[in-house]
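Quick look at structure.pdb (PDB, C-alpha atoms and all ligand atoms):
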```pdb
ATOM      1  CA  MET U  29     -67.201 -17.808 -33.141  1.00  0.00           C
ATOM      2  CA  GLY U  30     -65.549 -15.397 -30.782  1.00  0.00           C
ATOM      3  CA  LEU U  31     -62.134 -15.103 -29.197  1.00  0.00           C
ATOM      4  CA  THR U  32     -62.534 -17.880 -26.630  1.00  0.00           C
ATOM      5  CA  ASP U  33     -63.692 -20.366 -29.239  1.00  0.00           C
ATOM      6  CA  ILE U  34     -60.870 -19.486 -31.631  1.00  0.00           C
ATOM      7  CA  ARG U  35     -58.265 -19.753 -28.865  1.00  0.00           C
ATOM      8  CA  GLN U  36     -59.545 -23.233 -28.087  1.00  0.00           C
ATOM      9  CA  ARG U  37     -59.407 -24.241 -31.738  1.00  0.00           C
ATOM     10  CA  VAL U  38     -55.850 -22.884 -32.023  1.00  0.00           C
ATOM     11  CA  ALA U  39     -54.825 -24.900 -28.958  1.00  0.00           C
ATOM     12  CA  ARG U  40     -56.426 -28.055 -30.334  1.00  0.00           C
ATOM     13  CA  ALA U  41     -54.835 -27.618 -33.773  1.00  0.00           C
ATOM     14  CA  ALA U  42     -51.447 -27.043 -32.143  1.00  0.00           C
ATOM     15  CA  GLN U  43     -51.846 -30.156 -30.029  1.00  0.00           C
ATOM     16  CA  ASP U  44     -52.871 -32.238 -33.057  1.00  0.00           C
ATOM     17  CA  ALA U  45     -49.748 -31.013 -34.836  1.00  0.00           C
ATOM     18  CA  GLY U  46     -47.523 -31.736 -31.841  1.00  0.00           C
ATOM     19  CA  ARG U  47     -46.761 -28.055 -31.486  1.00  0.00           C
ATOM     20  CA  ASP U  48     -46.652 -25.634 -28.569  1.00  0.00           C
ATOM     21  CA  THR U  49     -49.540 -23.140 -28.630  1.00  0.00           C
ATOM     22  CA  ALA U  50     -47.123 -20.485 -27.386  1.00  0.00           C
ATOM     23  CA  ASP U  51     -45.359 -20.657 -30.760  1.00  0.00           C
ATOM     24  CA  ILE U  52     -48.503 -19.541 -32.577  1.00  0.00           C
ATOM     25  CA  ARG U  53     -49.480 -15.902 -32.480  1.00  0.00           C
ATOM     26  CA  LEU U  54     -53.158 -15.200 -33.001  1.00  0.00           C
ATOM     27  CA  ILE U  55     -53.507 -11.891 -34.846  1.00  0.00           C
ATOM     28  CA  ALA U  56     -57.061 -10.587 -34.421  1.00  0.00           C
ATOM     29  CA  VAL U  57     -57.793  -8.806 -37.702  1.00  0.00           C
ATOM     30  CA  SER U  58     -59.899  -5.808 -36.728  1.00  0.00           C
ATOM     31  CA  LYS U  59     -60.170  -4.007 -40.082  1.00  0.00           C
ATOM     32  CA  VAL U  60     -63.580  -2.426 -40.727  1.00  0.00           C
ATOM     33  CA  GLN U  61     -64.960  -3.771 -37.446  1.00  0.00           C
ATOM     34  CA  PRO U  62     -67.021  -1.483 -35.220  1.00  0.00           C
ATOM     35  CA  LEU U  63     -64.858  -0.036 -32.435  1.00  0.00           C
ATOM     36  CA  GLU U  64     -66.994  -1.590 -29.703  1.00  0.00           C
ATOM     37  CA  ARG U  65     -66.229  -5.081 -31.021  1.00  0.00           C
ATOM     38  CA  VAL U  66     -62.512  -4.319 -30.997  1.00  0.00           C
ATOM     39  CA  GLU U  67     -62.767  -2.888 -27.521  1.00  0.00           C
ATOM     40  CA  ALA U  68     -64.590  -5.989 -26.297  1.00  0.00           C
ATOM     41  CA  VAL U  69     -61.707  -8.174 -27.480  1.00  0.00           C
ATOM     42  CA  LEU U  70     -59.203  -5.830 -25.809  1.00  0.00           C
ATOM     43  CA  GLU U  71     -61.255  -6.101 -22.590  1.00  0.00           C
ATOM     44  CA  GLN U  72     -60.947  -9.880 -22.848  1.00  0.00           C
ATOM     45  CA  GLY U  73     -57.207  -9.403 -22.597  1.00  0.00           C
ATOM     46  CA  HIS U  74     -56.206  -9.925 -26.205  1.00  0.00           C
ATOM     47  CA  ARG U  75     -53.379  -7.646 -27.383  1.00  0.00           C
ATOM     48  CA  VAL U  76     -52.318  -8.784 -30.869  1.00  0.00           C
ATOM     49  CA  PHE U  77     -54.223  -7.120 -33.698  1.00  0.00           C
ATOM     50  CA  GLY U  78     -53.973  -6.777 -37.465  1.00  0.00           C
ATOM     51  CA  GLU U  79     -55.057  -4.030 -39.825  1.00  0.00           C
ATOM     52  CA  ASN U  80     -54.777  -3.897 -43.598  1.00  0.00           C
ATOM     53  CA  LYS U  81     -54.787  -0.118 -44.138  1.00  0.00           C
ATOM     54  CA  VAL U  82     -52.439   2.407 -42.568  1.00  0.00           C
ATOM     55  CA  GLN U  83     -54.932   5.243 -42.595  1.00  0.00           C
ATOM     56  CA  GLU U  84     -57.725   3.219 -41.030  1.00  0.00           C
ATOM     57  CA  ALA U  85     -55.341   2.015 -38.316  1.00  0.00           C
ATOM     58  CA  GLN U  86     -54.203   5.577 -37.606  1.00  0.00           C
ATOM     59  CA  GLY U  87     -57.808   6.460 -36.911  1.00  0.00           C
ATOM     60  CA  LYS U  88     -58.320   3.995 -34.074  1.00  0.00           C
ATOM     61  CA  TRP U  89     -55.100   2.562 -32.649  1.00  0.00           C
ATOM     62  CA  PRO U  90     -53.455   5.630 -31.099  1.00  0.00           C
ATOM     63  CA  ASP U  91     -56.494   5.915 -28.790  1.00  0.00           C
ATOM     64  CA  PHE U  92     -56.537   2.210 -27.947  1.00  0.00           C
ATOM     65  CA  LYS U  93     -52.762   2.270 -27.324  1.00  0.00           C
ATOM     66  CA  ALA U  94     -53.257   5.122 -24.867  1.00  0.00           C
ATOM     67  CA  ARG U  95     -55.868   3.100 -22.993  1.00  0.00           C
ATOM     68  CA  PHE U  96     -54.508  -0.467 -23.164  1.00  0.00           C
ATOM     69  CA  ASP U  97     -50.917  -1.554 -22.443  1.00  0.00           C
ATOM     70  CA  GLY U  98     -48.905  -3.970 -24.511  1.00  0.00           C
ATOM     71  CA  ILE U  99     -50.707  -3.742 -27.835  1.00  0.00           C
ATOM     72  CA  ASP U 100     -48.873  -5.558 -30.623  1.00  0.00           C
ATOM     73  CA  LEU U 101     -50.072  -4.181 -33.960  1.00  0.00           C
ATOM     74  CA  HIS U 102     -49.490  -5.889 -37.314  1.00  0.00           C
ATOM     75  CA  LEU U 103     -49.918  -4.396 -40.779  1.00  0.00           C
ATOM     76  CA  ILE U 104     -51.175  -7.191 -43.021  1.00  0.00           C
ATOM     77  CA  GLY U 105     -52.209  -5.216 -46.118  1.00  0.00           C
ATOM     78  CA  PRO U 106     -50.252  -3.604 -48.961  1.00  0.00           C
ATOM     79  CA  LEU U 107     -47.976  -0.699 -48.050  1.00  0.00           C
ATOM     80  CA  GLN U 108     -47.289   2.240 -50.351  1.00  0.00           C
ATOM     81  CA  THR U 109     -43.871   3.817 -49.884  1.00  0.00           C
ATOM     82  CA  ASN U 110     -45.421   7.203 -49.164  1.00  0.00           C
ATOM     83  CA  LYS U 111     -47.130   5.655 -46.126  1.00  0.00           C
ATOM     84  CA  ALA U 112     -44.051   3.779 -44.912  1.00  0.00           C
ATOM     85  CA  ARG U 113     -43.095   6.349 -42.293  1.00  0.00           C
ATOM     86  CA  ALA U 114     -46.568   6.380 -40.788  1.00  0.00           C
ATOM     87  CA  ALA U 115     -46.551   2.579 -40.858  1.00  0.00           C
ATOM     88  CA  VAL U 116     -43.251   2.135 -39.018  1.00  0.00           C
ATOM     89  CA  GLU U 117     -44.363   4.651 -36.404  1.00  0.00           C
ATOM     90  CA  LEU U 118     -47.600   2.799 -35.666  1.00  0.00           C
ATOM     91  CA  PHE U 119     -46.986  -0.901 -36.338  1.00  0.00           C
ATOM     92  CA  ASP U 120     -44.859  -3.483 -34.537  1.00  0.00           C
ATOM     93  CA  ALA U 121     -44.748  -5.780 -37.553  1.00  0.00           C
ATOM     94  CA  ILE U 122     -45.316  -5.450 -41.296  1.00  0.00           C
ATOM     95  CA  HIS U 123     -46.377  -8.562 -43.229  1.00  0.00           C
ATOM     96  CA  SER U 124     -46.444  -7.072 -46.730  1.00  0.00           C
ATOM     97  CA  LEU U 125     -42.843  -6.372 -47.702  1.00  0.00           C
ATOM     98  CA  ASP U 126     -42.896  -7.269 -51.385  1.00  0.00           C
ATOM     99  CA  ARG U 127     -40.586  -5.097 -53.489  1.00  0.00           C
ATOM    100  CA  PRO U 128     -37.130  -3.505 -53.543  1.00  0.00           C
ATOM    101  CA  LYS U 129     -38.400   0.064 -53.459  1.00  0.00           C
ATOM    102  CA  LEU U 130     -40.282  -0.592 -50.213  1.00  0.00           C
ATOM    103  CA  ALA U 131     -37.292  -2.469 -48.765  1.00  0.00           C
ATOM    104  CA  ASN U 132     -35.043   0.511 -49.484  1.00  0.00           C
ATOM    105  CA  THR U 133     -37.491   2.941 -47.909  1.00  0.00           C
ATOM    106  CA  LEU U 134     -37.856   0.778 -44.794  1.00  0.00           C
ATOM    107  CA  ALA U 135     -34.072   0.450 -44.548  1.00  0.00           C
ATOM    108  CA  ARG U 136     -33.670   4.218 -44.699  1.00  0.00           C
ATOM    109  CA  LEU U 137     -36.315   4.689 -41.986  1.00  0.00           C
ATOM    110  CA  ALA U 138     -34.662   2.004 -39.842  1.00  0.00           C
ATOM    111  CA  GLN U 139     -31.315   3.812 -40.099  1.00  0.00           C
ATOM    112  CA  GLU U 140     -32.886   7.105 -39.211  1.00  0.00           C
ATOM    113  CA  ARG U 141     -34.990   5.831 -36.302  1.00  0.00           C
ATOM    114  CA  GLY U 142     -32.701   3.117 -34.981  1.00  0.00           C
ATOM    115  CA  VAL U 143     -35.623   0.679 -34.802  1.00  0.00           C
ATOM    116  CA  CYS U 144     -37.655  -1.235 -37.336  1.00  0.00           C
ATOM    117  CA  PRO U 145     -40.822  -3.315 -37.081  1.00  0.00           C
ATOM    118  CA  ASP U 146     -40.495  -7.074 -37.585  1.00  0.00           C
ATOM    119  CA  LEU U 147     -40.836  -7.780 -41.284  1.00  0.00           C
ATOM    120  CA  PHE U 148     -42.470 -10.565 -43.237  1.00  0.00           C
ATOM    121  CA  ILE U 149     -41.950 -10.900 -46.961  1.00  0.00           C
ATOM    122  CA  GLN U 150     -45.188 -11.524 -48.814  1.00  0.00           C
ATOM    123  CA  VAL U 151     -44.977 -14.300 -51.390  1.00  0.00           C
ATOM    124  CA  ASN U 152     -47.563 -14.547 -54.161  1.00  0.00           C
ATOM    125  CA  THR U 153     -47.699 -18.342 -53.958  1.00  0.00           C
ATOM    126  CA  GLY U 154     -50.587 -18.568 -56.412  1.00  0.00           C
ATOM    127  CA  GLU U 155     -48.802 -16.307 -58.923  1.00  0.00           C
ATOM    128  CA  GLU U 156     -51.981 -14.271 -59.264  1.00  0.00           C
ATOM    129  CA  PRO U 157     -51.511 -11.141 -61.387  1.00  0.00           C
ATOM    130  CA  GLN U 158     -53.785  -8.989 -59.213  1.00  0.00           C
ATOM    131  CA  LYS U 159     -52.145 -10.009 -55.945  1.00  0.00           C
ATOM    132  CA  ALA U 160     -49.175  -8.452 -54.152  1.00  0.00           C
ATOM    133  CA  GLY U 161     -46.099 -10.408 -53.198  1.00  0.00           C
ATOM    134  CA  VAL U 162     -42.887 -11.622 -54.784  1.00  0.00           C
ATOM    135  CA  LEU U 163     -43.183 -14.650 -57.021  1.00  0.00           C
ATOM    136  CA  PRO U 164     -41.975 -17.929 -55.492  1.00  0.00           C
ATOM    137  CA  ASP U 165     -39.048 -18.055 -57.936  1.00  0.00           C
ATOM    138  CA  ALA U 166     -37.908 -14.590 -56.901  1.00  0.00           C
ATOM    139  CA  ALA U 167     -38.282 -15.101 -53.162  1.00  0.00           C
ATOM    140  CA  ASP U 168     -34.750 -16.319 -52.333  1.00  0.00           C
ATOM    141  CA  ALA U 169     -33.133 -13.370 -54.088  1.00  0.00           C
ATOM    142  CA  PHE U 170     -35.474 -10.891 -52.421  1.00  0.00           C
ATOM    143  CA  VAL U 171     -34.832 -12.358 -48.955  1.00  0.00           C
ATOM    144  CA  ALA U 172     -31.099 -11.950 -49.609  1.00  0.00           C
ATOM    145  CA  GLU U 173     -31.600  -8.389 -50.819  1.00  0.00           C
ATOM    146  CA  CYS U 174     -33.536  -7.461 -47.668  1.00  0.00           C
ATOM    147  CA  ARG U 175     -30.922  -9.065 -45.442  1.00  0.00           C
ATOM    148  CA  ALA U 176     -28.183  -7.137 -47.236  1.00  0.00           C
ATOM    149  CA  LEU U 177     -30.073  -3.993 -46.215  1.00  0.00           C
ATOM    150  CA  ASP U 178     -29.958  -5.200 -42.577  1.00  0.00           C
ATOM    151  CA  LEU U 179     -33.734  -5.408 -42.419  1.00  0.00           C
ATOM    152  CA  PRO U 180     -35.186  -7.595 -39.637  1.00  0.00           C
ATOM    153  CA  VAL U 181     -36.835 -10.220 -41.846  1.00  0.00           C
ATOM    154  CA  ARG U 182     -38.632 -12.641 -39.504  1.00  0.00           C
ATOM    155  CA  GLY U 183     -40.489 -14.741 -42.011  1.00  0.00           C
ATOM    156  CA  LEU U 184     -42.805 -15.059 -44.993  1.00  0.00           C
ATOM    157  CA  MET U 185     -46.484 -14.364 -45.519  1.00  0.00           C
ATOM    158  CA  CYS U 186     -49.014 -15.596 -48.082  1.00  0.00           C
ATOM    159  CA  ILE U 187     -52.681 -15.279 -48.987  1.00  0.00           C
ATOM    160  CA  PRO U 188     -53.690 -18.359 -50.997  1.00  0.00           C
ATOM    161  CA  PRO U 189     -55.982 -17.991 -54.031  1.00  0.00           C
ATOM    162  CA  VAL U 190     -59.622 -18.224 -52.927  1.00  0.00           C
ATOM    163  CA  ASP U 191     -60.443 -21.146 -55.203  1.00  0.00           C
ATOM    164  CA  GLU U 192     -57.483 -23.382 -54.417  1.00  0.00           C
ATOM    165  CA  THR U 193     -56.590 -25.765 -51.603  1.00  0.00           C
ATOM    166  CA  PRO U 194     -54.803 -23.526 -49.090  1.00  0.00           C
ATOM    167  CA  SER U 195     -52.596 -26.336 -47.753  1.00  0.00           C
ATOM    168  CA  LEU U 196     -50.627 -26.505 -50.992  1.00  0.00           C
ATOM    169  CA  HIS U 197     -49.779 -22.832 -50.630  1.00  0.00           C
ATOM    170  CA  PHE U 198     -48.962 -23.141 -46.935  1.00  0.00           C
ATOM    171  CA  ALA U 199     -46.612 -26.028 -47.713  1.00  0.00           C
ATOM    172  CA  LEU U 200     -44.917 -24.043 -50.479  1.00  0.00           C
ATOM    173  CA  LEU U 201     -44.455 -21.044 -48.177  1.00  0.00           C
ATOM    174  CA  ALA U 202     -42.994 -23.277 -45.452  1.00  0.00           C
ATOM    175  CA  LYS U 203     -40.575 -24.788 -47.946  1.00  0.00           C
ATOM    176  CA  ILE U 204     -39.347 -21.392 -49.159  1.00  0.00           C
ATOM    177  CA  ALA U 205     -38.958 -20.202 -45.563  1.00  0.00           C
ATOM    178  CA  ALA U 206     -37.016 -23.309 -44.536  1.00  0.00           C
ATOM    179  CA  ARG U 207     -34.520 -23.074 -47.362  1.00  0.00           C
ATOM    180  CA  ASN U 208     -33.912 -19.431 -46.435  1.00  0.00           C
ATOM    181  CA  GLY U 209     -33.489 -20.138 -42.742  1.00  0.00           C
ATOM    182  CA  LEU U 210     -36.599 -18.183 -41.763  1.00  0.00           C
ATOM    183  CA  ASP U 211     -38.729 -19.228 -38.761  1.00  0.00           C
ATOM    184  CA  GLY U 212     -41.783 -17.029 -39.182  1.00  0.00           C
ATOM    185  CA  LEU U 213     -44.778 -18.135 -41.226  1.00  0.00           C
ATOM    186  CA  SER U 214     -47.711 -15.729 -41.462  1.00  0.00           C
ATOM    187  CA  MET U 215     -50.457 -17.852 -42.973  1.00  0.00           C
ATOM    188  CA  GLY U 216     -53.991 -18.971 -42.234  1.00  0.00           C
ATOM    189  CA  MET U 217     -57.208 -16.964 -41.894  1.00  0.00           C
ATOM    190  CA  SER U 218     -60.682 -17.671 -40.470  1.00  0.00           C
ATOM    191  CA  ALA U 219     -61.442 -20.435 -42.945  1.00  0.00           C
ATOM    192  CA  ASP U 220     -58.119 -22.265 -42.879  1.00  0.00           C
ATOM    193  CA  PHE U 221     -56.031 -21.431 -39.814  1.00  0.00           C
ATOM    194  CA  GLU U 222     -56.091 -25.016 -38.556  1.00  0.00           C
ATOM    195  CA  GLU U 223     -54.500 -26.283 -41.778  1.00  0.00           C
ATOM    196  CA  ALA U 224     -51.963 -23.471 -41.522  1.00  0.00           C
ATOM    197  CA  ILE U 225     -51.068 -24.499 -37.979  1.00  0.00           C
ATOM    198  CA  ALA U 226     -50.612 -28.084 -39.139  1.00  0.00           C
ATOM    199  CA  LEU U 227     -48.110 -26.812 -41.701  1.00  0.00           C
ATOM    200  CA  GLY U 228     -46.144 -24.646 -39.300  1.00  0.00           C
ATOM    201  CA  ALA U 229     -47.835 -21.241 -39.121  1.00  0.00           C
ATOM    202  CA  THR U 230     -46.339 -19.004 -36.443  1.00  0.00           C
ATOM    203  CA  HIS U 231     -48.734 -16.097 -37.087  1.00  0.00           C
ATOM    204  CA  ILE U 232     -52.347 -16.680 -38.037  1.00  0.00           C
ATOM    205  CA  ARG U 233     -54.527 -13.772 -39.153  1.00  0.00           C
ATOM    206  CA  VAL U 234     -58.108 -14.290 -38.039  1.00  0.00           C
ATOM    207  CA  GLY U 235     -60.792 -11.646 -38.507  1.00  0.00           C
ATOM    208  CA  SER U 236     -64.402 -12.634 -39.063  1.00  0.00           C
ATOM    209  CA  ALA U 237     -64.219 -15.794 -36.925  1.00  0.00           C
ATOM    210  CA  ILE U 238     -63.331 -13.626 -33.919  1.00  0.00           C
ATOM    211  CA  PHE U 239     -65.300 -10.443 -34.529  1.00  0.00           C
ATOM    212  CA  GLY U 240     -68.137 -11.594 -36.767  1.00  0.00           C
ATOM    213  CA  GLU U 241     -68.738 -10.743 -40.395  1.00  0.00           C
ATOM    214  CA  ARG U 242     -67.341  -7.464 -41.637  1.00  0.00           C
ATOM    215  CA  ALA U 243     -69.691  -4.859 -43.061  1.00  0.00           C
ATOM    216  CA  SER U 244     -69.130  -4.846 -46.801  1.00  0.00           C
ATOM    217  CA  GLY U 245     -67.030  -2.083 -48.309  1.00  0.00           C
TER     218      GLY U 245
HETATM  219  C1  LIG U 301     -58.878  -9.513 -43.847  1.00  0.00           C
HETATM  220  C2  LIG U 301     -57.638 -10.298 -43.827  1.00  0.00           C
HETATM  221  C3  LIG U 301     -57.503 -11.426 -43.012  1.00  0.00           C
HETATM  222  C4  LIG U 301     -58.625 -11.950 -42.116  1.00  0.00           C
HETATM  223  O1  LIG U 301     -59.614 -12.523 -42.894  1.00  0.00           O
HETATM  224  P1  LIG U 301     -60.802 -13.388 -42.209  1.00  0.00           P
HETATM  225  O2  LIG U 301     -61.241 -14.274 -43.313  1.00  0.00           O
HETATM  226  O3  LIG U 301     -61.826 -12.422 -41.768  1.00  0.00           O
HETATM  227  O4  LIG U 301     -60.200 -14.142 -41.090  1.00  0.00           O
HETATM  228  C5  LIG U 301     -56.301 -12.092 -43.003  1.00  0.00           C
HETATM  229  N1  LIG U 301     -55.257 -11.696 -43.777  1.00  0.00           N
HETATM  230  C6  LIG U 301     -55.348 -10.611 -44.573  1.00  0.00           C
HETATM  231  C7  LIG U 301     -54.167 -10.215 -45.380  1.00  0.00           C
HETATM  232  C8  LIG U 301     -56.528  -9.885 -44.631  1.00  0.00           C
HETATM  233  O5  LIG U 301     -56.597  -8.806 -45.433  1.00  0.00           O
END
```

Final structure tokens representation of the file:
Amino acid sequence: MGLTDIRQRVARAAQDAGRDTADIRLIAVSKVQPLERVEAVLEQGHRVFGENKVQEAQGKWPDFKARFDGIDLHLIGPLQTNKARAAVELFDAIHSLDRPKLANTLARLAQERGVCPDLFIQVNTGEEPQKAGVLPDAADAFVAECRALDLPVRGLMCIPPVDETPSLHFALLAKIAARNGLDGLSMGMSADFEEAIALGATHIRVGSAIFGERASG
């Protein structure tokens, strides 16, 4: 538990996989966590954080950004188009691009602002009806569509079904990324980031293992 422990485990998993730790970005998922826990991790020098709700992030990150330099903020939860402007103003990366309407909105904002966060396309590898993300079969076409809009697509993201072996989903995501010439793989959470690293994750999203259990709700 804790940042130091997780950093060590990331380094060990990278070494076991014959990978460079510098190629793996540890996103500390701070959603719902008490501000003092987030601040403690900032004080330890960590700068890469993830949030799953735009509004919640707007409530805490402007202050932290004013006080700490070099914060790299990632949106890892679903994004409604009516919150897209707020999202691109606050976040450095968005991991939940999953439909044409959102792609078009982000493209329009990118044109207008001249900058755009790094984008990851979310793939619903488990084909779960309740989960966001493009279906694996539709991923190639959607990557092409986003590229045609000049969007900075850096990679793919997935959240495996809770009751399935995550490695199968990580491997599928890596395969789809490879055939589309994408380097970024946002996969792996507290329970499975080591498997994700073994299968090529470039961005792991770790919350409770760094900060402790989240309050429910
Ligand atoms: C909450 C969340 C995480 C972190 O989950 P932990 O199990 O606490 O590590 C990672 N990815 C997404 C998309 C999340 O919503």

Exercise for review: Just the residues within 9 Å of Met215 of chain U, please, counting all atoms listed in the file, with nothing from its chain fewer than 2 positions along; format it as a PyMOL selection string.
Suggested key: chain U and resi 184-188+198+201+213+217+220-221+224-225+228-233

Practice item. Take the PyMOL selection byres (((chain U and resi 148) around 12) and not hetatm), apply it to the structure above, and return the hits as a VMD selection string. Key: chain U and resid 102 to 106 120 to 127 131 145 to 147 149 to 151 161 to 162 167 170 to 171 174 to 175 179 to 186 201 205 210 to 215 230 to 231

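Of the listed residues (U:Val116, U:Ala166, U:Leu101, U:Ala160), U:Ala160 comes nearest to ligand LIG 301 (chain U); the distances count all atoms listed in the file.
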
**Study point:** Expansion of the PyMOL selection byres (((chain U and resi 36-46) around 10) and not hetatm) into residues, as number ranges by chain
**Key:** U: 31-35, 47-54, 221-229, 232

Check your understanding: What does the distance from atom CA of Leu107 of chain U to atom CA of Arg136 of chain U come to in Å, to one decimal?
Key -> 15.5 Å

Point to revise | Hits from the PyMOL selection byres (((chain U and resi 74) around 12) and not hetatm), listed as a PyMOL selection string | key: chain U and resi 30-32+34-35+53-58+66-73+75-78+96-101+238

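Distance-wise, atom CA of Arg141 of chain U and atom CA of Gly209 of chain U end up 26.8 Å apart.
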
Review point. What does the distance from atom CA of Asn208 of chain U to atom CA of Leu134 of chain U come to in Å, to one decimal?
Key: 20.7 Å

Skipping near chain neighbours, those fewer than 2 positions away, what residues fall within 10 Å of Trp89 of chain U using only C-alpha atoms, listed as a JSON list (two decimals) with C-alpha atoms, in the coordinates of the input?
```
[["chain", "number", "residue", "atom", "x", "y", "z"],
["U", 77, "PHE", "CA", -54.22, -7.12, -33.70],
["U", 79, "GLU", "CA", -55.06, -4.03, -39.83],
["U", 84, "GLU", "CA", -57.72, 3.22, -41.03],
["U", 85, "ALA", "CA", -55.34, 2.02, -38.32],
["U", 86, "GLN", "CA", -54.20, 5.58, -37.61],
["U", 87, "GLY", "CA", -57.81, 6.46, -36.91],
["U", 91, "ASP", "CA", -56.49, 5.92, -28.79],
["U", 92, "PHE", "CA", -56.54, 2.21, -27.95],
["U", 93, "LYS", "CA", -52.76, 2.27, -27.32],
["U", 94, "ALA", "CA", -53.26, 5.12, -24.87],
["U", 95, "ARG", "CA", -55.87, 3.10, -22.99],
["U", 96, "PHE", "CA", -54.51, -0.47, -23.16],
["U", 99, "ILE", "CA", -50.71, -3.74, -27.84],
["U", 101, "LEU", "CA", -50.07, -4.18, -33.96],
["U", 118, "LEU", "CA", -47.60, 2.80, -35.67],
["U", 119, "PHE", "CA", -46.99, -0.90, -36.34]]
```

Grab all the atoms of ligand LIG 301 (chain U) that the file lists, wrap them in a box along x, y and z, add 5 Å per side, and give me centre plus edge lengths in Å (one decimal) as lines of an AutoDock Vina configuration file.
```
center_x = -58.0
center_y = -11.5
center_z = -43.3
size_x = 17.7
size_y = 15.5
size_z = 14.3
```

Practice item. Give the answer as one residue: which of U:Arg65, U:Lys203, U:His197, U:Arg242 has the shortest atom-to-atom distance to ligand LIG 301 (chain U), using all atoms listed in the file? Key: U:Arg242

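For the set U:Asp168, U:Lys129, U:Ala206, U:Lys159, the residue with the smallest atom-to-atom gap to ligand LIG 301 (chain U) is U:Lys159, counting only C-alpha atoms and all ligand atoms.
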
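If you measure from each of U:Gly240, U:Pro164, U:Gly235, U:Gly216 to ligand LIG 301 (chain U) using only C-alpha atoms and all ligand atoms, the closest one turns out to be U:Gly235.
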
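The shortest atom-to-atom distance to Asp191 of chain U, with all atoms listed in the file taken into account, belongs to U:Glu156 out of U:Asn80, U:Phe239, U:Glu156, U:Leu63.
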